[in-house]
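Just below is one structure, and these are the notes that go with it.
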Amino acid sequence: MFKPKFDNLWGTGQSTIDGILRATADLIAGKIFVVAGYGHCGRGVALRAKGLGARRVIICEINPHRALTAALEGMEVMPMREAAEVGDIFVTATGCKNVINAEHMKKMKNGAVMCNTGHFNVEINIPDLEKISVSKREIRPLVDEYTLEDGRKIYLLAQGRLVNLACAEGHPSEVMDMSFSDQALAVEWIVKNRDKLSGMGSVVLDIPEEIDRTVAELKCKAMGLRLDVLTPEQEAYLSGWAEGT
Ligand SMILES: NC(=O)c1ccc[n+]([C@@H]2O[C@H](COP(=O)([O-])OP(=O)(O)OC[C@H]3O[C@@H](n4cnc5c(N)ncnc54)[C@H](O)[C@@H]3O)[C@@H](O)[C@H]2O)c1
């Protein structure tokens with residue numbers, strides 16, 4: 001639970017913006033911010049961009065559930081071929097390849113900035129970018145300026161690799177502590193339950209709920225969060241079907 005729901009969402013969300021800001025020193029407020037992919041990472045980035053005052057946050061998605069979620073969370077949704085024409089800053093977070101191609105780059109505004117926080121360096125089609133450019137120069141560390149045939153300039157951060165790792169410091173330890181605790185306790189659980197698990201072959205198992213709960217309880221305690229506790233009456237009500245409308 002902690003990896004996707006906390007570290008991908010809040011960790012990648014914040015550190016991606018951190019990477020963009022450290023690389024470009026751009027102002028997010030007033031910008032048109034495009035995010036490809038509204039999964040855990042993309043949603044985190046989009047929410048942070050909105051919080052920093054982006055004038056419009058546009059989501060490009062292939063999954064209707066994710067697209068709906070984005071729309072109901074106040075984002076615009078449109079295909080990349082339309083977003084390409086209006087965006088100031090583009091972030092890919094899909095796990096897919098060639099999400100931004102020459103057909104999109106050719107439509108981008110002068111000064112558009114592209115970066116990736118998803119998969120390796122394949123989400124932005126760099127061979128395409130090289131092909132349609134007449135020149136390239138590094139104008140700041142990890143900021144490459146590409147000049148297109150008509151003189152427009154578009155910028156690629158971190159050579160298309162994960163911008164939060166290349167241009168910033170990755171996720172804050174305050175979110176990684178939950179992922180690492182969850183993973184360490186999961187390994188301990190596997191070792192303790194090895195007899196039950198042997199013979200299952202190669203399977204992917206969910207982390208047992210009690211481990212997620214233990215980590216959540218410890219994190220709440222560390223953050224000084226105090227919770228309500230169910231009364232016996234409430235526990236009975238929630239676990240039975242005898243009462244209710
Ligand atoms: N930068 C980091 O530190 C960091 C941290 C965690 C994960 N990641 C990487 O980020 C990527 C996304 O992770 P996630 O947890 O958000 O995954 P996810 O599966 O929750 O989200 C990916 C989203 O992208 C959408 N998508 C896929 N192909 C698309 C396309 N061609 N165009 C538009 N949308 C498309 C999917 O529908 C999905 O909603 C993965 O590659 C993952 O390895 C990076």
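Just remember, in the structure tokens the first chain shown is A, the second B, etc., residues are 1-based per chain, and ligands are 1-based in the order shown.
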Check every protein, DNA and RNA residue against ligand 1, keep those with an atom at most 9 Å away (counting only C-alpha atoms and all ligand atoms), and present them as a PyMOL selection string.
-> chain A and resi 3-5+7-9+11-13+15-16+35-44+59-67+79-80+92-100+116-120+123+161-165+170-171
Mind dumping the selected residues with N, CA and C atoms as a short mmCIF file (atom, residue, chain, number, x, y, z; two decimals), in the first residue's frame?
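That gives us out-v6.cif:
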data_model
loop_
_atom_site.label_atom_id
_atom_site.label_comp_id
_atom_site.auth_asym_id
_atom_site.auth_seq_id
_atom_site.Cartn_x
_atom_site.Cartn_y
_atom_site.Cartn_z
N LYS A 3 3.89 1.97 -1.03
CA LYS A 3 4.67 2.33 -2.22
C LYS A 3 3.79 3.14 -3.18
N PRO A 4 2.68 2.58 -3.70
CA PRO A 4 1.91 3.39 -4.65
C PRO A 4 1.16 4.55 -4.00
N LYS A 5 0.53 4.29 -2.83
CA LYS A 5 -0.40 5.30 -2.30
C LYS A 5 0.28 6.45 -1.58
N ASP A 7 4.32 6.78 -1.48
CA ASP A 7 5.60 7.26 -2.06
C ASP A 7 5.43 7.69 -3.52
N ASN A 8 4.70 6.90 -4.33
CA ASN A 8 4.50 7.34 -5.72
C ASN A 8 3.67 8.62 -5.79
N LEU A 9 2.64 8.68 -4.95
CA LEU A 9 1.72 9.83 -5.01
C LEU A 9 2.36 11.10 -4.44
N GLY A 11 5.41 11.38 -2.78
CA GLY A 11 6.86 11.49 -3.00
C GLY A 11 7.17 11.98 -4.40
N THR A 12 6.67 11.24 -5.41
CA THR A 12 6.95 11.65 -6.79
C THR A 12 6.31 12.99 -7.09
N GLY A 13 5.11 13.20 -6.55
CA GLY A 13 4.43 14.47 -6.78
C GLY A 13 5.32 15.64 -6.40
N SER A 15 8.67 15.64 -5.43
CA SER A 15 10.07 15.68 -5.91
C SER A 15 10.16 15.98 -7.40
N THR A 16 9.10 15.67 -8.15
CA THR A 16 9.12 16.01 -9.58
C THR A 16 9.07 17.52 -9.76
N VAL A 35 0.23 16.95 -17.74
CA VAL A 35 0.75 15.71 -17.17
C VAL A 35 0.19 14.53 -17.96
N ALA A 36 1.08 13.71 -18.49
CA ALA A 36 0.64 12.49 -19.18
C ALA A 36 0.61 11.35 -18.18
N GLY A 37 -0.58 10.78 -17.97
CA GLY A 37 -0.76 9.70 -17.00
C GLY A 37 -1.29 10.25 -15.69
N TYR A 38 -2.48 9.77 -15.30
CA TYR A 38 -3.05 10.19 -14.01
C TYR A 38 -3.10 8.99 -13.07
N GLY A 39 -1.96 8.27 -13.04
CA GLY A 39 -1.82 7.19 -12.05
C GLY A 39 -1.33 7.79 -10.75
N HIS A 40 -0.67 6.96 -9.95
CA HIS A 40 -0.22 7.45 -8.65
C HIS A 40 0.74 8.62 -8.80
N CYS A 41 1.72 8.46 -9.67
CA CYS A 41 2.74 9.52 -9.83
C CYS A 41 2.14 10.76 -10.50
N GLY A 42 1.47 10.55 -11.63
CA GLY A 42 0.93 11.69 -12.38
C GLY A 42 -0.06 12.49 -11.56
N ARG A 43 -0.88 11.79 -10.78
CA ARG A 43 -1.86 12.49 -9.95
C ARG A 43 -1.14 13.37 -8.91
N GLY A 44 -0.09 12.79 -8.33
CA GLY A 44 0.68 13.56 -7.35
C GLY A 44 1.27 14.82 -7.95
N ILE A 59 -4.58 16.87 -18.17
CA ILE A 59 -4.18 15.46 -18.06
C ILE A 59 -4.42 14.76 -19.40
N CYS A 60 -3.44 13.96 -19.81
CA CYS A 60 -3.59 13.11 -21.00
C CYS A 60 -3.62 11.67 -20.49
N GLU A 61 -4.66 10.95 -20.81
CA GLU A 61 -4.84 9.59 -20.28
C GLU A 61 -5.34 8.65 -21.37
N ILE A 62 -5.18 7.35 -21.13
CA ILE A 62 -5.75 6.33 -22.02
C ILE A 62 -6.82 5.54 -21.28
N ASN A 63 -6.85 5.69 -19.96
CA ASN A 63 -7.75 4.88 -19.12
C ASN A 63 -8.95 5.74 -18.69
N PRO A 64 -10.18 5.32 -19.05
CA PRO A 64 -11.33 6.17 -18.75
C PRO A 64 -11.56 6.41 -17.25
N HIS A 65 -11.25 5.42 -16.40
CA HIS A 65 -11.43 5.64 -14.95
C HIS A 65 -10.50 6.73 -14.45
N ARG A 66 -9.25 6.63 -14.90
CA ARG A 66 -8.25 7.61 -14.46
C ARG A 66 -8.60 9.00 -15.02
N ALA A 67 -9.11 9.02 -16.26
CA ALA A 67 -9.49 10.30 -16.89
C ALA A 67 -10.64 10.93 -16.10
N PRO A 79 -6.43 14.80 -25.33
CA PRO A 79 -5.31 14.03 -25.89
C PRO A 79 -4.05 14.90 -26.01
N MET A 80 -2.93 14.22 -26.03
CA MET A 80 -1.64 14.93 -26.11
C MET A 80 -1.56 15.80 -27.36
N THR A 92 5.78 13.62 -18.20
CA THR A 92 5.25 12.28 -18.50
C THR A 92 5.40 11.40 -17.27
N ALA A 93 4.36 10.62 -16.97
CA ALA A 93 4.36 9.73 -15.79
C ALA A 93 3.49 8.52 -16.09
N THR A 94 3.81 7.84 -17.18
CA THR A 94 2.90 6.78 -17.66
C THR A 94 3.45 5.36 -17.51
N GLY A 95 4.77 5.20 -17.50
CA GLY A 95 5.34 3.86 -17.58
C GLY A 95 5.33 3.33 -19.01
N CYS A 96 4.89 4.15 -19.95
CA CYS A 96 4.75 3.74 -21.35
C CYS A 96 5.89 4.38 -22.16
N LYS A 97 5.93 4.12 -23.46
CA LYS A 97 6.99 4.72 -24.28
C LYS A 97 6.41 5.64 -25.35
N ASN A 98 7.25 6.58 -25.79
CA ASN A 98 6.89 7.48 -26.89
C ASN A 98 5.52 8.14 -26.68
N VAL A 99 5.36 8.73 -25.52
CA VAL A 99 4.11 9.41 -25.18
C VAL A 99 4.11 10.82 -25.78
N ILE A 100 5.30 11.42 -25.86
CA ILE A 100 5.46 12.70 -26.56
C ILE A 100 6.39 12.45 -27.74
N ASN A 116 10.36 14.02 -17.84
CA ASN A 116 9.77 12.71 -17.58
C ASN A 116 9.99 12.34 -16.12
N THR A 117 8.96 11.76 -15.50
CA THR A 117 9.16 11.23 -14.15
C THR A 117 8.67 9.79 -14.06
N GLY A 118 8.49 9.18 -15.26
CA GLY A 118 7.98 7.81 -15.31
C GLY A 118 9.06 6.80 -15.60
N HIS A 119 9.11 6.34 -16.86
CA HIS A 119 9.94 5.19 -17.17
C HIS A 119 11.24 5.57 -17.86
N PHE A 120 12.37 5.16 -17.30
CA PHE A 120 13.70 5.33 -17.92
C PHE A 120 13.78 6.66 -18.70
N GLU A 123 9.82 7.83 -22.37
CA GLU A 123 8.47 8.39 -22.47
C GLU A 123 8.44 9.58 -23.44
N ARG A 161 15.39 11.60 -18.61
CA ARG A 161 15.39 10.60 -17.52
C ARG A 161 14.61 11.17 -16.32
N LEU A 162 14.46 10.37 -15.27
CA LEU A 162 13.58 10.78 -14.16
C LEU A 162 14.05 12.12 -13.55
N VAL A 163 13.22 13.12 -13.76
CA VAL A 163 13.62 14.48 -13.42
C VAL A 163 13.79 14.67 -11.92
N ASN A 164 13.02 13.93 -11.13
CA ASN A 164 13.11 14.12 -9.68
C ASN A 164 14.41 13.52 -9.13
N LEU A 165 14.93 12.50 -9.81
CA LEU A 165 16.18 11.89 -9.35
C LEU A 165 17.37 12.64 -9.91
N GLY A 170 15.23 13.06 -5.31
CA GLY A 170 14.30 11.95 -5.12
C GLY A 170 13.30 12.29 -4.04
N HIS A 171 12.65 11.27 -3.52
CA HIS A 171 11.59 11.51 -2.54
C HIS A 171 12.15 11.87 -1.16
#
Members of range 3-216 of chain A assigned strand (DSSP E or B) by DSSP, as a PyMOL selection string = chain A and resi 32-36+56-60+76-77+89-92+100+113-116+124+133-140+143-148+153-157+162
Dump C-alpha atoms for the selected residues as a PDB file, in the first residue's frame?
ATOM      1  CA  ILE A  32      -0.349  25.646 -18.346  1.00  0.00           C
ATOM      2  CA  PHE A  33       0.890  22.372 -16.907  1.00  0.00           C
ATOM      3  CA  VAL A  34       0.399  19.116 -18.817  1.00  0.00           C
ATOM      4  CA  VAL A  35       0.751  15.710 -17.169  1.00  0.00           C
ATOM      5  CA  ALA A  36       0.640  12.485 -19.183  1.00  0.00           C
ATOM      6  CA  ARG A  56      -4.564  25.115 -16.097  1.00  0.00           C
ATOM      7  CA  VAL A  57      -3.571  21.526 -15.306  1.00  0.00           C
ATOM      8  CA  ILE A  58      -4.217  19.251 -18.268  1.00  0.00           C
ATOM      9  CA  ILE A  59      -4.182  15.462 -18.059  1.00  0.00           C
ATOM     10  CA  CYS A  60      -3.589  13.106 -20.998  1.00  0.00           C
ATOM     11  CA  GLU A  76      -8.810  19.211 -17.743  1.00  0.00           C
ATOM     12  CA  VAL A  77      -8.541  16.072 -19.858  1.00  0.00           C
ATOM     13  CA  ILE A  89       5.419  22.506 -18.978  1.00  0.00           C
ATOM     14  CA  PHE A  90       4.984  18.819 -19.875  1.00  0.00           C
ATOM     15  CA  VAL A  91       5.581  15.933 -17.487  1.00  0.00           C
ATOM     16  CA  THR A  92       5.246  12.282 -18.496  1.00  0.00           C
ATOM     17  CA  ILE A 100       5.457  12.698 -26.559  1.00  0.00           C
ATOM     18  CA  VAL A 113       9.611  22.543 -21.220  1.00  0.00           C
ATOM     19  CA  MET A 114       9.402  18.748 -21.299  1.00  0.00           C
ATOM     20  CA  CYS A 115      10.427  16.257 -18.649  1.00  0.00           C
ATOM     21  CA  ASN A 116       9.766  12.707 -17.576  1.00  0.00           C
ATOM     22  CA  ILE A 124       9.653  11.424 -24.425  1.00  0.00           C
ATOM     23  CA  SER A 133      15.956  19.920 -34.293  1.00  0.00           C
ATOM     24  CA  VAL A 134      18.601  21.898 -36.106  1.00  0.00           C
ATOM     25  CA  SER A 135      20.704  22.490 -33.017  1.00  0.00           C
ATOM     26  CA  LYS A 136      20.995  21.630 -29.356  1.00  0.00           C
ATOM     27  CA  ARG A 137      22.853  23.199 -26.442  1.00  0.00           C
ATOM     28  CA  GLU A 138      22.875  22.788 -22.669  1.00  0.00           C
ATOM     29  CA  ILE A 139      21.797  26.174 -21.283  1.00  0.00           C
ATOM     30  CA  ARG A 140      21.854  25.170 -17.600  1.00  0.00           C
ATOM     31  CA  VAL A 143      18.477  21.693 -19.332  1.00  0.00           C
ATOM     32  CA  ASP A 144      18.919  21.080 -23.074  1.00  0.00           C
ATOM     33  CA  GLU A 145      17.599  23.684 -25.481  1.00  0.00           C
ATOM     34  CA  TYR A 146      16.547  22.261 -28.843  1.00  0.00           C
ATOM     35  CA  THR A 147      16.046  24.680 -31.732  1.00  0.00           C
ATOM     36  CA  LEU A 148      13.541  23.552 -34.345  1.00  0.00           C
ATOM     37  CA  LYS A 153      13.065  26.511 -28.927  1.00  0.00           C
ATOM     38  CA  ILE A 154      11.868  23.686 -26.711  1.00  0.00           C
ATOM     39  CA  TYR A 155      13.578  22.416 -23.605  1.00  0.00           C
ATOM     40  CA  LEU A 156      14.249  18.906 -22.338  1.00  0.00           C
ATOM     41  CA  LEU A 157      15.187  18.309 -18.708  1.00  0.00           C
ATOM     42  CA  LEU A 162      13.583  10.776 -14.162  1.00  0.00           C
TER      43      LEU A 162
END
Near Ala29 in chain A, within 8 Å and counting only C-alpha atoms, which residues show up once chain neighbours fewer than 2 positions away are dropped, as a CSV table (one decimal) with C-alpha atoms, in the first residue's frame?
chain,number,residue,atom,x,y,z
A,27,LEU,CA,7.4,30.0,-11.9
A,31,LYS,CA,1.5,28.2,-16.3
A,52,LEU,CA,1.4,26.0,-6.8
A,53,GLY,CA,-1.0,28.0,-8.9
A,54,ALA,CA,-0.8,26.5,-12.4
A,55,ARG,CA,-3.4,28.3,-14.5
For Arg81 in chain A, work out the shell of residues within 8 Å, counting only C-alpha atoms and skipping chain neighbours fewer than 3 positions away, then give it as a list in words.
->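 Surrounding residues, per the criterion: Ala84, Glu85, Glu103 and His104 of chain A.
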Name the residues of range 3-168 of chain A that come out as helix (DSSP H, G or I) in a backbone DSSP run; write them as a PyMOL selection string.
-> chain A and resi 3-24+40-51+64-72+80-86+102-105+126-132+158-160+163-166
Convert the current residue selection to file output with C-alpha atoms, as a PDB file, in the first residue's frame.
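Result file follows (selection.pdb):
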ATOM      1  CA  LYS A   3       4.670   2.335  -2.223  1.00  0.00           C
ATOM      2  CA  PRO A   4       1.909   3.389  -4.647  1.00  0.00           C
ATOM      3  CA  LYS A   5      -0.395   5.304  -2.302  1.00  0.00           C
ATOM      4  CA  PHE A   6       2.181   7.342  -0.435  1.00  0.00           C
ATOM      5  CA  ASP A   7       5.597   7.259  -2.058  1.00  0.00           C
ATOM      6  CA  ASN A   8       4.496   7.340  -5.723  1.00  0.00           C
ATOM      7  CA  LEU A   9       1.723   9.833  -5.013  1.00  0.00           C
ATOM      8  CA  TRP A  10       3.167  12.307  -2.512  1.00  0.00           C
ATOM      9  CA  GLY A  11       6.859  11.486  -2.995  1.00  0.00           C
ATOM     10  CA  THR A  12       6.951  11.645  -6.790  1.00  0.00           C
ATOM     11  CA  GLY A  13       4.433  14.475  -6.779  1.00  0.00           C
ATOM     12  CA  GLN A  14       6.620  16.765  -4.714  1.00  0.00           C
ATOM     13  CA  SER A  15      10.067  15.676  -5.909  1.00  0.00           C
ATOM     14  CA  THR A  16       9.121  16.009  -9.582  1.00  0.00           C
ATOM     15  CA  ILE A  17       8.117  19.611  -9.046  1.00  0.00           C
ATOM     16  CA  ASP A  18      11.292  20.058  -6.993  1.00  0.00           C
ATOM     17  CA  GLY A  19      13.349  18.742  -9.943  1.00  0.00           C
ATOM     18  CA  ILE A  20      11.638  21.069 -12.427  1.00  0.00           C
ATOM     19  CA  LEU A  21      12.153  24.080 -10.175  1.00  0.00           C
ATOM     20  CA  ARG A  22      15.796  23.335  -9.409  1.00  0.00           C
ATOM     21  CA  ALA A  23      16.555  22.777 -13.106  1.00  0.00           C
ATOM     22  CA  THR A  24      14.665  25.726 -14.572  1.00  0.00           C
ATOM     23  CA  HIS A  40      -0.222   7.447  -8.646  1.00  0.00           C
ATOM     24  CA  CYS A  41       2.737   9.521  -9.830  1.00  0.00           C
ATOM     25  CA  GLY A  42       0.927  11.686 -12.385  1.00  0.00           C
ATOM     26  CA  ARG A  43      -1.856  12.494  -9.946  1.00  0.00           C
ATOM     27  CA  GLY A  44       0.678  13.557  -7.346  1.00  0.00           C
ATOM     28  CA  VAL A  45       2.449  15.836  -9.812  1.00  0.00           C
ATOM     29  CA  ALA A  46      -0.825  17.329 -11.081  1.00  0.00           C
ATOM     30  CA  LEU A  47      -2.125  18.023  -7.561  1.00  0.00           C
ATOM     31  CA  ARG A  48       1.119  19.764  -6.607  1.00  0.00           C
ATOM     32  CA  ALA A  49       1.118  21.807  -9.828  1.00  0.00           C
ATOM     33  CA  LYS A  50      -2.435  22.919  -9.096  1.00  0.00           C
ATOM     34  CA  GLY A  51      -1.441  23.816  -5.548  1.00  0.00           C
ATOM     35  CA  PRO A  64     -11.333   6.165 -18.748  1.00  0.00           C
ATOM     36  CA  HIS A  65     -11.426   5.637 -14.953  1.00  0.00           C
ATOM     37  CA  ARG A  66      -8.246   7.609 -14.464  1.00  0.00           C
ATOM     38  CA  ALA A  67      -9.486  10.296 -16.887  1.00  0.00           C
ATOM     39  CA  LEU A  68     -12.747  10.609 -14.935  1.00  0.00           C
ATOM     40  CA  THR A  69     -10.903  10.809 -11.648  1.00  0.00           C
ATOM     41  CA  ALA A  70      -8.800  13.615 -13.062  1.00  0.00           C
ATOM     42  CA  ALA A  71     -11.857  15.485 -14.341  1.00  0.00           C
ATOM     43  CA  LEU A  72     -13.671  15.157 -11.015  1.00  0.00           C
ATOM     44  CA  MET A  80      -1.639  14.931 -26.113  1.00  0.00           C
ATOM     45  CA  ARG A  81      -2.048  16.156 -29.684  1.00  0.00           C
ATOM     46  CA  GLU A  82      -4.303  18.957 -28.333  1.00  0.00           C
ATOM     47  CA  ALA A  83      -2.424  19.557 -25.088  1.00  0.00           C
ATOM     48  CA  ALA A  84       0.827  19.913 -27.060  1.00  0.00           C
ATOM     49  CA  GLU A  85      -0.432  23.155 -28.590  1.00  0.00           C
ATOM     50  CA  VAL A  86      -1.166  24.902 -25.292  1.00  0.00           C
ATOM     51  CA  ALA A 102       7.619  14.614 -33.082  1.00  0.00           C
ATOM     52  CA  GLU A 103       3.958  15.212 -34.023  1.00  0.00           C
ATOM     53  CA  HIS A 104       3.450  16.763 -30.558  1.00  0.00           C
ATOM     54  CA  MET A 105       6.790  18.574 -30.327  1.00  0.00           C
ATOM     55  CA  ILE A 126      14.290  11.757 -27.860  1.00  0.00           C
ATOM     56  CA  PRO A 127      15.320  10.339 -31.273  1.00  0.00           C
ATOM     57  CA  ASP A 128      12.302  12.228 -32.696  1.00  0.00           C
ATOM     58  CA  LEU A 129      13.385  15.414 -30.918  1.00  0.00           C
ATOM     59  CA  GLU A 130      16.929  15.077 -32.265  1.00  0.00           C
ATOM     60  CA  LYS A 131      15.533  14.509 -35.790  1.00  0.00           C
ATOM     61  CA  ILE A 132      13.330  17.627 -35.875  1.00  0.00           C
ATOM     62  CA  ALA A 158      17.531  15.584 -17.481  1.00  0.00           C
ATOM     63  CA  GLN A 159      17.865  14.112 -20.989  1.00  0.00           C
ATOM     64  CA  GLY A 160      14.398  12.654 -20.556  1.00  0.00           C
ATOM     65  CA  VAL A 163      13.622  14.482 -13.421  1.00  0.00           C
ATOM     66  CA  ASN A 164      13.114  14.116  -9.678  1.00  0.00           C
ATOM     67  CA  LEU A 165      16.178  11.892  -9.349  1.00  0.00           C
ATOM     68  CA  ALA A 166      18.411  13.709 -11.838  1.00  0.00           C
TER      69      ALA A 166
END
